[in-house]
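As provided, query_15.pdb (PDB, C-alpha atoms) reads as follows.
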```pdb
ATOM      1  CA  MET S 287      -7.347 -79.881  -0.210
ATOM      2  CA  GLU S 288      -9.307 -80.281   3.000
ATOM      3  CA  TYR S 289      -9.395 -77.416   5.512
ATOM      4  CA  ARG S 290      -9.922 -77.646   9.242
ATOM      5  CA  GLU S 291     -10.454 -75.106  11.989
ATOM      6  CA  LEU S 292      -7.329 -74.401  14.028
ATOM      7  CA  GLY S 293      -8.886 -74.433  17.467
ATOM      8  CA  LYS S 294     -10.089 -71.108  18.788
ATOM      9  CA  THR S 295      -7.842 -69.113  16.453
ATOM     10  CA  GLY S 296     -10.686 -69.165  13.932
ATOM     11  CA  LEU S 297      -8.174 -69.883  11.169
ATOM     12  CA  GLN S 298      -9.085 -72.464   8.524
ATOM     13  CA  VAL S 299      -5.885 -74.340   7.721
ATOM     14  CA  SER S 300      -5.042 -77.022   5.192
ATOM     15  CA  SER S 301      -5.152 -80.461   6.791
ATOM     16  CA  ILE S 302      -1.835 -81.214   5.110
ATOM     17  CA  SER S 303       0.423 -78.255   5.771
ATOM     18  CA  TYR S 304       4.095 -77.467   5.180
ATOM     19  CA  GLY S 305       6.807 -78.068   7.758
ATOM     20  CA  ALA S 306       9.728 -75.759   6.998
ATOM     21  CA  TRP S 307      12.427 -77.218   9.232
ATOM     22  CA  ALA S 308      14.096 -79.040   6.350
ATOM     23  CA  ILE S 309      14.496 -75.948   4.158
ATOM     24  CA  GLY S 310      16.335 -74.245   6.998
ATOM     25  CA  GLY S 311      18.893 -76.942   7.669
ATOM     26  CA  THR S 312      19.938 -79.997   9.748
ATOM     27  CA  TRP S 313      18.399 -82.282   7.121
ATOM     28  CA  GLY S 314      21.373 -82.564   4.798
ATOM     29  CA  THR S 315      22.004 -80.514   1.683
ATOM     30  CA  VAL S 316      19.289 -78.061   0.753
ATOM     31  CA  ASP S 317      19.155 -75.661  -2.195
ATOM     32  CA  ASP S 318      17.187 -72.432  -1.838
ATOM     33  CA  ARG S 319      15.947 -72.683  -5.422
ATOM     34  CA  ASP S 320      14.483 -76.109  -4.728
ATOM     35  CA  SER S 321      13.054 -74.840  -1.462
ATOM     36  CA  MET S 322      11.316 -71.914  -3.158
ATOM     37  CA  ALA S 323       9.922 -74.208  -5.839
ATOM     38  CA  SER S 324       8.501 -76.454  -3.132
ATOM     39  CA  LEU S 325       6.928 -73.491  -1.323
ATOM     40  CA  HIS S 326       5.288 -72.300  -4.531
ATOM     41  CA  LYS S 327       4.037 -75.819  -5.263
ATOM     42  CA  ALA S 328       2.482 -75.952  -1.811
ATOM     43  CA  LEU S 329       0.410 -72.851  -2.525
ATOM     44  CA  ASP S 330      -0.503 -74.230  -5.955
ATOM     45  CA  LEU S 331      -1.955 -77.323  -4.253
ATOM     46  CA  GLY S 332      -3.990 -75.409  -1.697
ATOM     47  CA  ILE S 333      -1.643 -75.616   1.276
ATOM     48  CA  ASN S 334      -2.146 -72.417   3.253
ATOM     49  CA  PHE S 335      -0.303 -73.072   6.529
ATOM     50  CA  PHE S 336       3.472 -73.023   6.908
ATOM     51  CA  ASP S 337       5.252 -73.953  10.126
ATOM     52  CA  THR S 338       8.761 -72.662  10.784
ATOM     53  CA  ALA S 339      11.003 -71.453  13.627
ATOM     54  CA  ASP S 340      13.548 -68.742  14.235
ATOM     55  CA  VAL S 341      16.327 -71.323  14.640
ATOM     56  CA  TYR S 342      15.687 -73.230  11.401
ATOM     57  CA  GLY S 343      18.829 -72.265   9.569
ATOM     58  CA  ASP S 344      19.202 -69.297  11.951
ATOM     59  CA  GLY S 345      16.326 -67.520  10.209
ATOM     60  CA  ARG S 346      16.883 -68.971   6.738
ATOM     61  CA  SER S 347      13.547 -70.780   6.736
ATOM     62  CA  GLU S 348      11.630 -67.689   7.850
ATOM     63  CA  ARG S 349      13.304 -65.561   5.184
ATOM     64  CA  LEU S 350      12.392 -68.025   2.429
ATOM     65  CA  ILE S 351       8.761 -67.850   3.509
ATOM     66  CA  ALA S 352       8.993 -64.050   3.424
ATOM     67  CA  GLN S 353      10.227 -64.332  -0.154
ATOM     68  CA  LEU S 354       7.213 -66.521  -0.966
ATOM     69  CA  ARG S 355       4.890 -63.834   0.349
ATOM     70  CA  ARG S 356       6.591 -61.250  -1.861
ATOM     71  CA  GLU S 357       6.232 -63.460  -4.927
ATOM     72  CA  ARG S 358       2.617 -64.585  -4.474
ATOM     73  CA  SER S 359      -0.657 -62.778  -3.903
ATOM     74  CA  GLU S 360      -2.585 -65.608  -2.236
ATOM     75  CA  PRO S 361      -3.106 -65.227   1.507
ATOM     76  CA  PHE S 362      -1.572 -67.864   3.763
ATOM     77  CA  PHE S 363      -0.760 -68.345   7.430
ATOM     78  CA  VAL S 364       2.645 -68.728   9.047
ATOM     79  CA  ALA S 365       3.403 -70.213  12.443
ATOM     80  CA  THR S 366       6.853 -69.686  13.878
ATOM     81  CA  LYS S 367       8.498 -70.615  17.158
ATOM     82  CA  ALA S 368      10.730 -68.992  19.752
ATOM     83  CA  GLY S 369      12.895 -70.076  22.633
ATOM     84  CA  ARG S 370      15.541 -72.353  21.163
ATOM     85  CA  ARG S 371      17.969 -69.493  20.741
ATOM     86  CA  LEU S 372      18.786 -69.955  24.405
ATOM     87  CA  PRO S 373      22.095 -71.798  24.914
ATOM     88  CA  LYS S 374      20.330 -73.873  27.564
ATOM     89  CA  GLN S 375      16.634 -74.351  28.230
ATOM     90  CA  THR S 376      15.805 -72.758  31.596
ATOM     91  CA  LEU S 377      12.838 -70.818  32.899
ATOM     92  CA  ALA S 378      15.213 -67.927  33.657
ATOM     93  CA  GLY S 379      15.766 -67.485  29.916
ATOM     94  CA  TYR S 380      12.096 -66.774  29.204
ATOM     95  CA  THR S 381      12.138 -63.161  30.293
ATOM     96  CA  SER S 382       9.821 -60.595  28.777
ATOM     97  CA  GLU S 383      12.872 -58.921  27.248
ATOM     98  CA  ASN S 384      14.012 -62.132  25.529
ATOM     99  CA  LEU S 385      10.525 -63.008  24.298
ATOM    100  CA  HIS S 386      10.086 -59.546  22.777
ATOM    101  CA  ALA S 387      13.523 -59.730  21.136
ATOM    102  CA  TRP S 388      12.850 -63.159  19.616
ATOM    103  CA  VAL S 389       9.495 -62.047  18.247
ATOM    104  CA  ALA S 390      10.989 -58.826  16.865
ATOM    105  CA  ARG S 391      13.609 -60.874  15.028
ATOM    106  CA  SER S 392      10.976 -63.183  13.509
ATOM    107  CA  LEU S 393       8.883 -60.195  12.454
ATOM    108  CA  LYS S 394      11.913 -58.852  10.616
ATOM    109  CA  ASN S 395      12.763 -62.209   9.007
ATOM    110  CA  LEU S 396       9.168 -62.807   7.908
ATOM    111  CA  GLU S 397       8.708 -59.178   6.845
ATOM    112  CA  VAL S 398       5.384 -58.795   8.634
ATOM    113  CA  GLU S 399       3.996 -56.500  11.313
ATOM    114  CA  SER S 400       2.287 -59.265  13.286
ATOM    115  CA  LEU S 401       2.837 -63.026  13.580
ATOM    116  CA  ASP S 402      -0.167 -65.221  12.800
ATOM    117  CA  LEU S 403       0.880 -67.762  15.417
ATOM    118  CA  LEU S 404       3.839 -67.823  17.797
ATOM    119  CA  GLN S 405       4.701 -71.074  19.552
ATOM    120  CA  LEU S 406       7.025 -71.611  22.486
ATOM    121  CA  HIS S 407       9.599 -74.011  21.041
ATOM    122  CA  CYS S 408       9.795 -77.027  23.357
ATOM    123  CA  PRO S 409      10.760 -74.992  26.415
ATOM    124  CA  SER S 410      11.928 -76.234  29.782
ATOM    125  CA  PRO S 411       8.957 -77.956  31.490
ATOM    126  CA  ASP S 412       8.897 -75.416  34.305
ATOM    127  CA  VAL S 413       8.037 -72.698  31.793
ATOM    128  CA  TYR S 414       4.483 -74.040  31.788
ATOM    129  CA  GLU S 415       4.279 -73.302  35.528
ATOM    130  CA  SER S 416       5.135 -69.625  35.023
ATOM    131  CA  ASP S 417       2.217 -67.229  34.700
ATOM    132  CA  ALA S 418       4.716 -64.466  33.939
ATOM    133  CA  VAL S 419       5.779 -66.090  30.657
ATOM    134  CA  PHE S 420       2.216 -66.277  29.408
ATOM    135  CA  GLU S 421       1.477 -62.764  30.631
ATOM    136  CA  SER S 422       4.359 -61.602  28.422
ATOM    137  CA  LEU S 423       2.751 -63.381  25.474
ATOM    138  CA  ASP S 424      -0.581 -61.745  26.299
ATOM    139  CA  GLU S 425       1.180 -58.395  26.326
ATOM    140  CA  MET S 426       2.565 -59.000  22.822
ATOM    141  CA  VAL S 427      -0.929 -59.864  21.609
ATOM    142  CA  LYS S 428      -2.186 -56.539  22.982
ATOM    143  CA  LEU S 429       0.722 -54.769  21.271
ATOM    144  CA  GLY S 430      -0.174 -56.396  17.972
ATOM    145  CA  MET S 431       3.140 -58.226  17.653
ATOM    146  CA  ILE S 432       1.375 -61.601  17.571
ATOM    147  CA  ARG S 433      -2.224 -62.581  16.803
ATOM    148  CA  HIS S 434      -2.306 -65.953  18.509
ATOM    149  CA  TYR S 435       0.068 -68.081  20.524
ATOM    150  CA  GLY S 436       0.525 -71.738  21.325
ATOM    151  CA  ILE S 437       3.118 -74.253  22.449
ATOM    152  CA  SER S 438       5.273 -76.920  20.853
ATOM    153  CA  VAL S 439       5.895 -79.737  23.317
ATOM    154  CA  GLU S 440       7.892 -82.910  23.753
ATOM    155  CA  THR S 441       5.543 -84.761  26.113
ATOM    156  CA  VAL S 442       1.851 -85.314  26.666
ATOM    157  CA  ALA S 443       2.285 -84.109  30.250
ATOM    158  CA  GLU S 444       3.633 -80.778  28.975
ATOM    159  CA  ALA S 445       0.700 -80.481  26.584
ATOM    160  CA  MET S 446      -1.806 -81.143  29.358
ATOM    161  CA  ARG S 447      -0.187 -78.540  31.599
ATOM    162  CA  GLY S 448       0.190 -75.995  28.829
ATOM    163  CA  ILE S 449      -3.460 -75.897  27.818
ATOM    164  CA  GLN S 450      -4.399 -74.883  31.344
ATOM    165  CA  HIS S 451      -3.305 -71.377  30.293
ATOM    166  CA  GLU S 452      -6.519 -70.097  28.773
ATOM    167  CA  ASN S 453      -4.960 -68.168  25.891
ATOM    168  CA  VAL S 454      -2.897 -71.087  24.589
ATOM    169  CA  LYS S 455      -4.715 -71.752  21.332
ATOM    170  CA  THR S 456      -2.604 -74.498  19.738
ATOM    171  CA  VAL S 457      -0.378 -77.396  20.702
ATOM    172  CA  GLN S 458       2.197 -78.839  18.356
ATOM    173  CA  ILE S 459       3.045 -82.390  19.376
ATOM    174  CA  ILE S 460       4.720 -85.425  17.829
ATOM    175  CA  PHE S 461       1.919 -87.664  16.603
ATOM    176  CA  ASN S 462       2.336 -90.474  14.110
ATOM    177  CA  MET S 463       1.945 -94.248  13.799
ATOM    178  CA  PHE S 464       4.923 -94.626  16.150
ATOM    179  CA  ARG S 465       3.603 -92.170  18.770
ATOM    180  CA  LEU S 466       0.019 -92.920  19.815
ATOM    181  CA  LYS S 467       0.042 -91.722  23.408
ATOM    182  CA  PRO S 468      -1.555 -88.306  22.632
ATOM    183  CA  THR S 469      -4.823 -90.081  21.744
ATOM    184  CA  GLU S 470      -5.296 -91.436  25.261
ATOM    185  CA  ALA S 471      -6.172 -88.274  27.197
ATOM    186  CA  PHE S 472      -4.713 -85.224  25.519
ATOM    187  CA  PHE S 473      -6.911 -85.232  22.415
ATOM    188  CA  ALA S 474     -10.070 -85.182  24.523
ATOM    189  CA  ALA S 475      -8.680 -82.411  26.735
ATOM    190  CA  ALA S 476      -7.678 -80.332  23.709
ATOM    191  CA  LYS S 477     -11.109 -80.769  22.160
ATOM    192  CA  ALA S 478     -12.795 -79.675  25.371
ATOM    193  CA  ALA S 479     -10.598 -76.562  25.494
ATOM    194  CA  ASN S 480     -11.019 -75.926  21.745
ATOM    195  CA  VAL S 481      -7.250 -76.073  21.274
ATOM    196  CA  GLY S 482      -5.900 -76.781  17.792
ATOM    197  CA  ILE S 483      -3.538 -79.731  17.402
ATOM    198  CA  LEU S 484      -0.619 -79.577  14.977
ATOM    199  CA  ALA S 485       0.807 -83.057  14.347
ATOM    200  CA  ARG S 486       4.532 -82.704  13.895
ATOM    201  CA  VAL S 487       7.117 -85.322  12.829
ATOM    202  CA  PRO S 488       4.217 -87.092  11.068
ATOM    203  CA  LEU S 489       6.559 -89.313   9.040
ATOM    204  CA  ALA S 490       8.927 -90.098  11.921
ATOM    205  CA  SER S 491      11.888 -88.296  10.319
ATOM    206  CA  GLY S 492      11.309 -90.077   7.035
ATOM    207  CA  MET S 493      11.072 -93.555   8.530
ATOM    208  CA  LEU S 494       7.371 -93.777   7.668
ATOM    209  CA  THR S 495       8.055 -93.081   4.002
ATOM    210  CA  GLY S 496       9.276 -96.674   3.743
ATOM    211  CA  LYS S 497      12.308 -95.502   1.785
ATOM    212  CA  LEU S 498      14.962 -96.004   4.456
ATOM    213  CA  SER S 499      16.962 -99.185   4.905
ATOM    214  CA  LYS S 500      19.806-100.632   6.945
ATOM    215  CA  THR S 501      22.241 -99.181   4.402
ATOM    216  CA  SER S 502      20.788 -95.660   4.281
ATOM    217  CA  SER S 503      23.317 -92.961   5.076
ATOM    218  CA  PHE S 504      22.798 -89.394   6.233
ATOM    219  CA  ALA S 505      24.870 -86.264   5.791
ATOM    220  CA  PRO S 506      26.921 -85.128   8.800
ATOM    221  CA  ASP S 507      24.649 -82.092   9.247
ATOM    222  CA  ASP S 508      21.480 -84.236   9.178
ATOM    223  CA  HIS S 509      20.060 -84.775  12.674
ATOM    224  CA  ARG S 510      19.277 -88.366  11.716
ATOM    225  CA  ALA S 511      23.034 -88.923  11.756
ATOM    226  CA  PHE S 512      23.977 -86.976  14.883
ATOM    227  CA  ASN S 513      20.967 -87.052  17.234
ATOM    228  CA  ARG S 514      19.748 -90.643  17.392
ATOM    229  CA  ASN S 515      20.471 -90.831  21.100
ATOM    230  CA  GLY S 516      19.530 -87.240  21.926
ATOM    231  CA  GLU S 517      23.057 -85.885  21.718
ATOM    232  CA  HIS S 518      21.953 -82.381  20.685
ATOM    233  CA  PHE S 519      18.222 -82.159  21.417
ATOM    234  CA  ASP S 520      15.412 -84.418  22.535
ATOM    235  CA  LYS S 521      15.854 -87.955  21.228
ATOM    236  CA  GLY S 522      12.175 -88.100  20.354
ATOM    237  CA  GLU S 523      12.672 -85.585  17.542
ATOM    238  CA  THR S 524      14.716 -88.143  15.575
ATOM    239  CA  PHE S 525      12.809 -91.170  14.252
ATOM    240  CA  SER S 526      10.280 -90.414  17.017
ATOM    241  CA  GLY S 527      12.694 -91.931  19.513
ATOM    242  CA  VAL S 528      12.363 -95.445  18.085
ATOM    243  CA  ASP S 529      15.439 -97.632  17.622
ATOM    244  CA  TYR S 530      16.375 -97.581  13.920
ATOM    245  CA  ASP S 531      16.304-101.338  13.338
ATOM    246  CA  VAL S 532      13.084-101.798  15.311
ATOM    247  CA  ALA S 533      11.483 -99.030  13.262
ATOM    248  CA  LEU S 534      12.555-100.659   9.991
ATOM    249  CA  ALA S 535      10.941-103.927  11.037
ATOM    250  CA  ALA S 536       7.688-102.192  11.987
ATOM    251  CA  VAL S 537       7.667-100.343   8.672
ATOM    252  CA  GLU S 538       7.783-103.665   6.821
ATOM    253  CA  GLU S 539       4.600-104.669   8.632
ATOM    254  CA  LEU S 540       2.938-101.339   7.885
ATOM    255  CA  LYS S 541       3.690-101.643   4.179
ATOM    256  CA  SER S 542       1.156-104.468   3.944
ATOM    257  CA  LEU S 543      -1.586-101.969   4.854
ATOM    258  CA  VAL S 544      -0.924 -99.520   2.000
ATOM    259  CA  PRO S 545      -3.846 -99.373  -0.471
ATOM    260  CA  GLU S 546      -3.128 -99.740  -4.162
ATOM    261  CA  GLY S 547      -2.146 -96.463  -5.776
ATOM    262  CA  TYR S 548      -0.807 -94.896  -2.598
ATOM    263  CA  THR S 549       2.476 -94.807  -0.720
ATOM    264  CA  LEU S 550       3.316 -95.609   2.884
ATOM    265  CA  ALA S 551       3.944 -91.902   3.504
ATOM    266  CA  GLN S 552       0.459 -91.065   2.277
ATOM    267  CA  LEU S 553      -1.024 -93.805   4.439
ATOM    268  CA  ALA S 554       0.845 -92.394   7.438
ATOM    269  CA  LEU S 555      -0.502 -88.896   6.798
ATOM    270  CA  ARG S 556      -4.055 -90.094   6.102
ATOM    271  CA  TRP S 557      -3.932 -92.096   9.326
ATOM    272  CA  ILE S 558      -3.258 -88.882  11.252
ATOM    273  CA  LEU S 559      -6.181 -87.143   9.557
ATOM    274  CA  MET S 560      -8.508 -89.919  10.720
ATOM    275  CA  PHE S 561      -8.418 -88.198  14.121
ATOM    276  CA  PRO S 562     -10.826 -85.227  13.946
ATOM    277  CA  GLU S 563      -9.112 -83.533  16.891
ATOM    278  CA  VAL S 564      -6.060 -82.926  14.666
ATOM    279  CA  SER S 565      -6.189 -79.603  12.826
ATOM    280  CA  CYS S 566      -3.353 -80.479  10.468
ATOM    281  CA  ALA S 567      -0.311 -82.624   9.876
ATOM    282  CA  ILE S 568       2.859 -80.720   9.050
ATOM    283  CA  PRO S 569       5.218 -82.970   7.070
ATOM    284  CA  GLY S 570       8.477 -81.432   5.953
ATOM    285  CA  ALA S 571       9.436 -81.009   2.328
ATOM    286  CA  LYS S 572      12.451 -79.850   0.338
ATOM    287  CA  THR S 573      11.242 -80.641  -3.203
ATOM    288  CA  THR S 574       8.111 -80.205  -5.277
ATOM    289  CA  ALA S 575       7.751 -83.983  -5.543
ATOM    290  CA  GLN S 576       7.632 -84.300  -1.757
ATOM    291  CA  VAL S 577       5.027 -81.544  -1.526
ATOM    292  CA  GLU S 578       2.864 -83.221  -4.167
ATOM    293  CA  SER S 579       3.072 -86.570  -2.423
ATOM    294  CA  ASN S 580       2.187 -85.047   0.937
ATOM    295  CA  ALA S 581      -0.727 -83.022  -0.394
ATOM    296  CA  HIS S 582      -2.199 -86.026  -2.209
ATOM    297  CA  ALA S 583      -2.697 -87.738   1.155
ATOM    298  CA  ALA S 584      -5.556 -85.324   1.888
ATOM    299  CA  ASN S 585      -7.474 -86.860  -1.022
ATOM    300  CA  MET S 586      -6.922 -90.442   0.089
ATOM    301  CA  PRO S 587     -10.134 -92.295   1.058
ATOM    302  CA  ALA S 588     -10.846 -92.739   4.736
ATOM    303  CA  LEU S 589      -9.088 -95.719   6.254
ATOM    304  CA  SER S 590     -11.119 -98.720   7.352
ATOM    305  CA  SER S 591     -11.542 -99.665  10.987
ATOM    306  CA  ASP S 592      -9.603-102.837  10.193
ATOM    307  CA  THR S 593      -6.619-100.792   8.988
ATOM    308  CA  MET S 594      -6.781 -98.557  12.054
ATOM    309  CA  GLN S 595      -6.846-101.599  14.334
ATOM    310  CA  LYS S 596      -3.873-103.164  12.561
ATOM    311  CA  VAL S 597      -1.799 -99.986  12.968
ATOM    312  CA  GLN S 598      -2.657-100.053  16.662
ATOM    313  CA  ALA S 599      -1.623-103.709  16.895
ATOM    314  CA  ILE S 600       1.759-103.048  15.278
ATOM    315  CA  TYR S 601       2.336-100.172  17.685
ATOM    316  CA  ASP S 602       1.346-102.265  20.679
ATOM    317  CA  SER S 603       3.569-105.202  19.751
ATOM    318  CA  SER S 604       6.687-103.422  18.463
ATOM    319  CA  ILE S 605       6.779 -99.754  19.491
ATOM    320  CA  ARG S 606       4.801 -99.085  22.665
ATOM    321  CA  ALA S 607       7.396-100.393  25.112
ATOM    322  CA  LEU S 608      10.083 -98.152  23.594
ATOM    323  CA  VAL S 609       8.287 -94.811  23.607
ATOM    324  CA  HIS S 610       4.961 -94.755  25.376
ATOM    325  CA  ASP S 611       6.113 -93.929  28.885
ATOM    326  CA  LEU S 612       8.920 -91.566  27.791
ATOM    327  CA  TRP S 613       6.871 -88.894  26.069
TER     328      TRP S 613
END
```

Rendering of file as structure tokens:
Amino acid sequence: MEYRELGKTGLQVSSISYGAWAIGGTWGTVDDRDSMASLHKALDLGINFFDTADVYGDGRSERLIAQLRRERSEPFFVATKAGRRLPKQTLAGYTSENLHAWVARSLKNLEVESLDLLQLHCPSPDVYESDAVFESLDEMVKLGMIRHYGISVETVAEAMRGIQHENVKTVQIIFNMFRLKPTEAFFAAAKAANVGILARVPLASGMLTGKLSKTSSFAPDDHRAFNRNGEHFDKGETFSGVDYDVALAAVEELKSLVPEGYTLAQLALRWILMFPEVSCAIPGAKTTAQVESNAHAANMPALSSDTMQKVQAIYDSSIRALVHDLW
């Protein structure tokens, strides 16, 4: 496993990490025994960074990670998120009282005295304009409730605004072969500010595994069935905001770039790691097989400039017009 520095946190995190949204819910049926097996497998393979949120299964995901800590002696880092417990995203909801209550709840779920990394969970854009919100986070650092804090964003504009707060140490942003906009200005700005970048939705909700088809079906509680047009949260969270049929066609083109012995999913993850500004990719997993496949991408040889150019060309011809100016 490769390890990279997570911005100015000083943490060394596995370049392929573990996204724990799926083991909480909204990804179809999930079994806690399978989830625990996948978490253990992640540690076995050198993954030392787990990303979760207080709303993933209403705390279920955090509690499973707490169980992992009880069952294993190896040290690892956990990032969680706060803010989506609000019934509606507004700046008025980000009071000091609410922030403290959300963090206290995560501390209880994770069974720790201090959070390694707290991230604001895709808040209302005007939150980034509020010094008071970030002063509340600074206060919780001083109290020892959190060690570091960052932001999880929907748009590049939000990321650029967020890192103007000097104590924001990480930005979690959708970055994959269907979402290239972050490379244009944000990556350079993050590097200059020594801000760690967490690449979320790296497989475009499973689209970049190459396993989906026109006949694929999704469980009613799977966001890929109920949020394709942003009915419940930002459309960009589901298939990276790309029309399903358009995405399938682009995937067929990408399959021609997969080296022998690897999968499209591994190519997609290795492509992300070609950008040194990225601290880690955080693909989700519900099974040990998925964890093994994800982790193996860290050992994949560097991609050629020709491959990188061809990915760019597919994006430019098929995807750019659909997503580039929206996020």

Practice prompt. Using the chain letters and numbering of this document, enumerate as number ranges by chain the residues selected by the PyMOL selection byres ((chain S and resi 397-408) around 8).
Written response: S: 339, 352, 363-370, 393-396, 409-410, 430-440

Residues just named, written with C-alpha atoms as a short mmCIF file (atom, residue, chain, number, x, y, z; two decimals), keeping the file's coordinate frame:
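Output file again.cif follows:
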```
data_model
loop_
_atom_site.label_atom_id
_atom_site.label_comp_id
_atom_site.auth_asym_id
_atom_site.auth_seq_id
_atom_site.Cartn_x
_atom_site.Cartn_y
_atom_site.Cartn_z
CA ALA S 339 11.00 -71.45 13.63
CA ALA S 352 8.99 -64.05 3.42
CA PHE S 363 -0.76 -68.34 7.43
CA VAL S 364 2.64 -68.73 9.05
CA ALA S 365 3.40 -70.21 12.44
CA THR S 366 6.85 -69.69 13.88
CA LYS S 367 8.50 -70.61 17.16
CA ALA S 368 10.73 -68.99 19.75
CA GLY S 369 12.90 -70.08 22.63
CA ARG S 370 15.54 -72.35 21.16
CA LEU S 393 8.88 -60.20 12.45
CA LYS S 394 11.91 -58.85 10.62
CA ASN S 395 12.76 -62.21 9.01
CA LEU S 396 9.17 -62.81 7.91
CA PRO S 409 10.76 -74.99 26.42
CA SER S 410 11.93 -76.23 29.78
CA GLY S 430 -0.17 -56.40 17.97
CA MET S 431 3.14 -58.23 17.65
CA ILE S 432 1.38 -61.60 17.57
CA ARG S 433 -2.22 -62.58 16.80
CA HIS S 434 -2.31 -65.95 18.51
CA TYR S 435 0.07 -68.08 20.52
CA GLY S 436 0.52 -71.74 21.32
CA ILE S 437 3.12 -74.25 22.45
CA SER S 438 5.27 -76.92 20.85
CA VAL S 439 5.90 -79.74 23.32
CA GLU S 440 7.89 -82.91 23.75
#
```

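If you measure from each of S:Gln450, S:Ser301, S:Thr312, S:Thr593 to Phe519 of chain S using all atoms listed in the file, the closest one turns out to be S:Thr312.
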
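With atom CA of Lys572 of chain S on one side and atom CA of Leu350 of chain S on the other, the separation reads 12.0 Å.
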
Practice prompt. Apply the PyMOL selection byres ((chain S and resi 500-508) around 8) to the structure shown and report the selected residues as a list in words.
Written response: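 Applying the PyMOL selection byres ((chain S and resi 500-508) around 8) to the structure shown produces Gly311, Thr312, Trp313, Gly314, Thr315, Leu498, Ser499, His509, Arg510, Ala511, Phe512, Asp531 and Leu534 of chain S.
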
Worksheet item: To one decimal place, how far is atom CA of Glu538 of chain S from atom CA of Gly496 of chain S in Å?
Response: 7.8 Å

Practice prompt. Identify, on the basis of only C-alpha atoms, every residue whose closest approach to Leu292 of chain S does not exceed 10 Å; exclude the query and any residue fewer than 5 positions from it along the same chain; express the result as a list in words.
Written response: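 Skipping anything fewer than 5 positions along the chain leaves Leu297, Gln298, Val299, Ser300, Ser301, Lys455, Thr456, Asn480, Val481, Gly482, Ile483, Leu484, Glu563, Val564, Ser565 and Cys566 of chain S.
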
Worksheet item: For Ser604 of chain S, which of S:Arg371, S:His518, S:Arg465, S:Arg556 is the closest residue, counting only C-alpha atoms?
Response: S:Arg465

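Atom CA of Gly345 of chain S lies 7.5 Å from atom CA of Gly310 of chain S.
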
Practice prompt. I would like the residues chosen by the PyMOL selection byres ((chain S and resi 488) around 12) on the shown file; could you give them as a ChimeraX atom specification?
Written response: /S:302-305,458-466,484-487,489-495,523-526,550-559,564,566-571,580

Worksheet item: Glu383 of chain S: which residues within 12 Å, counting all atoms listed in the file, same-chain residues fewer than 2 positions away excluded, as a PyMOL selection string?
Response: chain S and resi 378-381+385-390+418-419+422-423+425-426

Practice prompt. Go ahead and find all residues with at least one atom no further than 6 Å from (11.3, -71.2, 7.1) in the file's coordinates, using all atoms listed in the file; report them as an NGL selection string.
Written response: :S and (306 or 310 or 338 or 347-348 or 350-351)

Item to complete: Take the point (8.8, -97.6, 19.1) in the file's coordinates, draw a sphere of radius 6 Å around it, and report as an NGL selection string every protein, DNA or RNA residue with an atom inside or on it, counting all atoms listed in the file.
Response: :S and (464 or 528 or 605-606 or 608-609)

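Comparing the minimum interatomic distances between Ala476 of chain S and each of S:Arg391, S:His582, S:His326, S:Lys294, counting all atoms listed in the file, we find that S:Lys294 sits nearest.
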
Item to complete: Point out the residue among S:Met287, S:Val442, S:Ile600, S:Val454 with the least atom-to-atom distance to Glu578 of chain S, counting all atoms listed in the file.
Response: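 The closest residue to Glu578 of chain S is S:Met287.
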